[in-house]
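Contents: one structure, followed by commentary.
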Amino acid sequence: MNGTTWTNTSPWTDGMITAYLTALLVMSLGTYLARSLPMAFTSRKALPPGLVRWLDSVAPAVLGALLGPALFAPGGQLLPPWQNPALLAALPAAVVALKKRNLALTLVVGVGAYTILITVVRD
Amino acid sequence: MYFKRWELDVQVMKVVGGRCPARPHEEQLRRVNRLLPPGCSAGCTRGLRDALPIVLAYVPLGAGFGLLARVIGMPLWLVGVTSLLLFAGAGQYMVASMLASGVSLPVITASVILVNLRHLLYSASIGVKLRGWRSGIARWAAVFGLTDEVYAVSSTAPEPVTPAYFFTLAVASHLAWIGGGLGGAWLGGLLPAAVTEVLTYSLTALFLALLLGTGRPGTLASRLVAAAVAGSIALAARLRGWESAGLLAGAVAGTTAGWALTRRKQELEACAAKWAGASSGCEGKSTSSGSSGGGSTR
C-alpha cells in the first residue's frame, strides 16, 4: 500500500483500512513488548542490589527529561525566560511543591499561574 | 461504610495478590468515600485521586489526535481502535502527521516502535514495584497501560503499588485517552486552542509536583541532579529534533548520575559513622570509591 495517498479527506478504502490495521497491530505489539519485557525480569526475586538502586533513580531522571524540553523549549524552540510562560509559571509551582508537598495544590498554582501568564505575555 | 471498603480492599489483595496498603486515615477516607461510586476500595480511591490530573490532560491531548486523524480521513472507529491498542501520545501524533505527509506504513511502524523504546526503562523500573503481586497475569496486563504519565505517577506513589491502585490509575487514564480521541474525532475543534493549551500545561505541573513534592526528603539533592542531567540532554536533543532519543539518552544518563550521587553519599555517611565510632579503615575505602564513582560533581 505504499503508493496510497492518505492526505485526502475522503473516507478510507477497505484496502487502506486493512493496511493501516496491520501496521497498527505491529506497532502496538512492539510498544507492548517494550512496556512488558523488562518488567518480566525485574519483578522476579533475585536482582542485584546495585541494579535496584540504579532503578530507584529512573523516576526523577525521566521526570527531568520530560520537564527539560517542556519548560525551556515549549514549542520546540528555546525561548528567553522572561517570554516563556511555561518556565515562569513553574517557579511558583516549584515553591509550592517543595514547601507543601501537595500534588493538587501544586497543579492548581501551576496551571493558574500559566493561565494568567499566557494572557499577559500574549498581549 | 468506609471500614467495610477497607476490608474489601484487603480481600482484593488476598485474591489478586500484592502487599497490604497502609491503612489510610479513617476521617480522610470517610470524606473521600462520599464522592466515590459504591464499592471503590482504598486502592481504587488512591488510584482515582492520582488519575485525576492525568485524565484532565489526556482528554484534550487525545482529542488532538482524534482531530488530526479525522483530517486525514481515518474512520471514527479506527481512531478508537488506535487509542485502545497503541495508547501512546507521541506515537499516535506521529502516526497521524506521518500519514498526512505521505510516509509509508512500514517506516511509520518502525518510527513509532523506536520512539516507544523509552518505555523499556519504565518497565524495568516499575517491575521492582510490582514484585509483591501474586498474579503474573495481572502484572502482564497492568503494564499495557504504562505510558509516560502513568509511570511517572505510579513510580513516585508513596504507598505500595497494589493491583487495585495500578489498574484504577491505568484504566481511568486509558478511558480518558480513548474518550478524548473519539470526542475530538467526532466533535472536531470545538474546544478553543487556549483551553487545550492550559489543560496540557497541567502535565508539566504534574511532573514538577512529582519531582519536587514526592520522595524522601533526604534524597532531594540526588533527585535534582538526576533530573538536571536528564533534562539538559533531553532539551539539547529536542532542539535538534531528536526528541525521543533525547528522552531515552537523558533518562539513562540522569539515572546514572543520580545513582552515583546516592552511592557516594551513602559511602560518605558510612564513613562518618565509622569515624564517629573512632575506628580506622575509612580512608582506603573512600579514596578507592572516589576514583570509581562519578558522583563528586557537587
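Following the order of the C-alpha cells, chains are lettered A, B, ..., residues in each are numbered from 1, and ligands are numbered from 1.
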| message | With only C-alpha atoms considered, list every residue of chain A at most 7 Å from chain B, as a PyMOL selection string. | response | chain A and resi 2+5-12+23+27-28+30-32+34-36+38-40+42-44+53-55+57-70+76-77+90+93-94+97-98+101-103+106-107+110-111+115
| task | Extract, using only C-alpha atoms, all DNA, RNA and protein residues at most 7 Å from Gly43 of chain B, discarding same-chain residues fewer than 4 positions from it, and format them as a PyMOL selection string. | result | chain B and resi 9+47+162+164-165
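Here atom CA of Ala86 of chain A and atom CA of Tyr114 of chain A stand 6.5 Å from one another.
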| task | DSSP on the backbone, then: every residue of segment 129-215 of chain B marked alpha helix (DSSP H), written as a ChimeraX atom specification. | result | /B:129,136-142,148-155,163-187,193-213
Write the residues you've just listed into a file as a PDB file, in the first residue's frame, and include C-alpha atoms for each of them.
ATOM      1  CA  LYS B 129       7.338  -2.190  42.476  1.00  0.00           C
ATOM      2  CA  GLY B 136       1.843 -12.876  36.997  1.00  0.00           C
ATOM      3  CA  ILE B 137      -1.001 -12.390  34.505  1.00  0.00           C
ATOM      4  CA  ALA B 138      -2.094  -9.249  36.370  1.00  0.00           C
ATOM      5  CA  ARG B 139       1.449  -7.850  36.008  1.00  0.00           C
ATOM      6  CA  TRP B 140       1.484  -8.536  32.262  1.00  0.00           C
ATOM      7  CA  ALA B 141      -1.933  -6.917  31.899  1.00  0.00           C
ATOM      8  CA  ALA B 142      -1.012  -3.921  34.050  1.00  0.00           C
ATOM      9  CA  ASP B 148       4.933   8.282  30.484  1.00  0.00           C
ATOM     10  CA  GLU B 149       2.357   9.781  32.825  1.00  0.00           C
ATOM     11  CA  VAL B 150       1.070   6.544  34.371  1.00  0.00           C
ATOM     12  CA  TYR B 151       4.683   5.556  35.019  1.00  0.00           C
ATOM     13  CA  ALA B 152       5.568   8.951  36.484  1.00  0.00           C
ATOM     14  CA  VAL B 153       2.638   8.857  38.913  1.00  0.00           C
ATOM     15  CA  SER B 154       2.777   5.201  39.963  1.00  0.00           C
ATOM     16  CA  SER B 155       6.556   5.055  40.400  1.00  0.00           C
ATOM     17  CA  PRO B 163      -3.198  -4.146  41.764  1.00  0.00           C
ATOM     18  CA  ALA B 164      -6.313  -2.185  42.763  1.00  0.00           C
ATOM     19  CA  TYR B 165      -4.333   1.063  42.727  1.00  0.00           C
ATOM     20  CA  PHE B 166      -2.446   0.488  39.495  1.00  0.00           C
ATOM     21  CA  PHE B 167      -5.396  -0.829  37.479  1.00  0.00           C
ATOM     22  CA  THR B 168      -7.634   2.051  38.586  1.00  0.00           C
ATOM     23  CA  LEU B 169      -4.941   4.547  37.612  1.00  0.00           C
ATOM     24  CA  ALA B 170      -4.156   2.934  34.253  1.00  0.00           C
ATOM     25  CA  VAL B 171      -7.741   2.168  33.228  1.00  0.00           C
ATOM     26  CA  ALA B 172      -9.005   5.651  34.146  1.00  0.00           C
ATOM     27  CA  SER B 173      -6.175   7.211  32.138  1.00  0.00           C
ATOM     28  CA  HIS B 174      -6.788   4.891  29.204  1.00  0.00           C
ATOM     29  CA  LEU B 175     -10.546   5.605  29.177  1.00  0.00           C
ATOM     30  CA  ALA B 176      -9.835   9.342  29.227  1.00  0.00           C
ATOM     31  CA  TRP B 177      -7.430   8.894  26.310  1.00  0.00           C
ATOM     32  CA  ILE B 178      -9.896   6.851  24.236  1.00  0.00           C
ATOM     33  CA  GLY B 179     -12.808   9.128  25.132  1.00  0.00           C
ATOM     34  CA  GLY B 180     -10.785  12.209  24.261  1.00  0.00           C
ATOM     35  CA  GLY B 181      -9.766  10.685  20.941  1.00  0.00           C
ATOM     36  CA  LEU B 182     -13.340   9.777  19.982  1.00  0.00           C
ATOM     37  CA  GLY B 183     -14.617  13.134  21.199  1.00  0.00           C
ATOM     38  CA  GLY B 184     -12.006  15.015  19.204  1.00  0.00           C
ATOM     39  CA  ALA B 185     -12.700  12.983  16.080  1.00  0.00           C
ATOM     40  CA  TRP B 186     -16.443  13.381  16.454  1.00  0.00           C
ATOM     41  CA  LEU B 187     -16.751  16.995  17.537  1.00  0.00           C
ATOM     42  CA  ALA B 193      -6.979  26.165  21.448  1.00  0.00           C
ATOM     43  CA  ALA B 194      -6.257  28.304  24.533  1.00  0.00           C
ATOM     44  CA  VAL B 195      -8.224  25.920  26.782  1.00  0.00           C
ATOM     45  CA  THR B 196      -6.385  22.908  25.353  1.00  0.00           C
ATOM     46  CA  GLU B 197      -3.052  24.644  25.934  1.00  0.00           C
ATOM     47  CA  VAL B 198      -3.859  25.438  29.557  1.00  0.00           C
ATOM     48  CA  LEU B 199      -5.059  21.881  30.255  1.00  0.00           C
ATOM     49  CA  THR B 200      -1.938  20.468  28.609  1.00  0.00           C
ATOM     50  CA  TYR B 201       0.196  22.530  30.966  1.00  0.00           C
ATOM     51  CA  SER B 202      -1.277  20.522  33.840  1.00  0.00           C
ATOM     52  CA  LEU B 203       1.046  17.693  32.698  1.00  0.00           C
ATOM     53  CA  THR B 204       4.106  19.924  33.131  1.00  0.00           C
ATOM     54  CA  ALA B 205       2.835  20.997  36.553  1.00  0.00           C
ATOM     55  CA  LEU B 206       2.206  17.329  37.398  1.00  0.00           C
ATOM     56  CA  PHE B 207       5.775  16.321  36.502  1.00  0.00           C
ATOM     57  CA  LEU B 208       7.105  19.213  38.573  1.00  0.00           C
ATOM     58  CA  ALA B 209       4.952  18.256  41.554  1.00  0.00           C
ATOM     59  CA  LEU B 210       6.070  14.619  41.319  1.00  0.00           C
ATOM     60  CA  LEU B 211       9.750  15.565  41.062  1.00  0.00           C
ATOM     61  CA  LEU B 212       9.826  18.095  43.897  1.00  0.00           C
ATOM     62  CA  GLY B 213       6.921  17.080  46.127  1.00  0.00           C
TER      63      GLY B 213
END
| task | Quick one: pull the distance between atom CA of Gly80 of chain B and atom CA of Cys40 of chain B, Å, one decimal. | result | 27.0 Å
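Relative to atom CA of Trp242 of chain B, atom CA of Met16 of chain A is found at 29.5 Å.
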| request: For each of B:Ala270, B:Leu61, B:Pro192, B:Arg216, take the minimum atom-to-atom distance to Ala157 of chain B, counting only C-alpha atoms, then give the residue where this is smallest. | output: B:Arg216
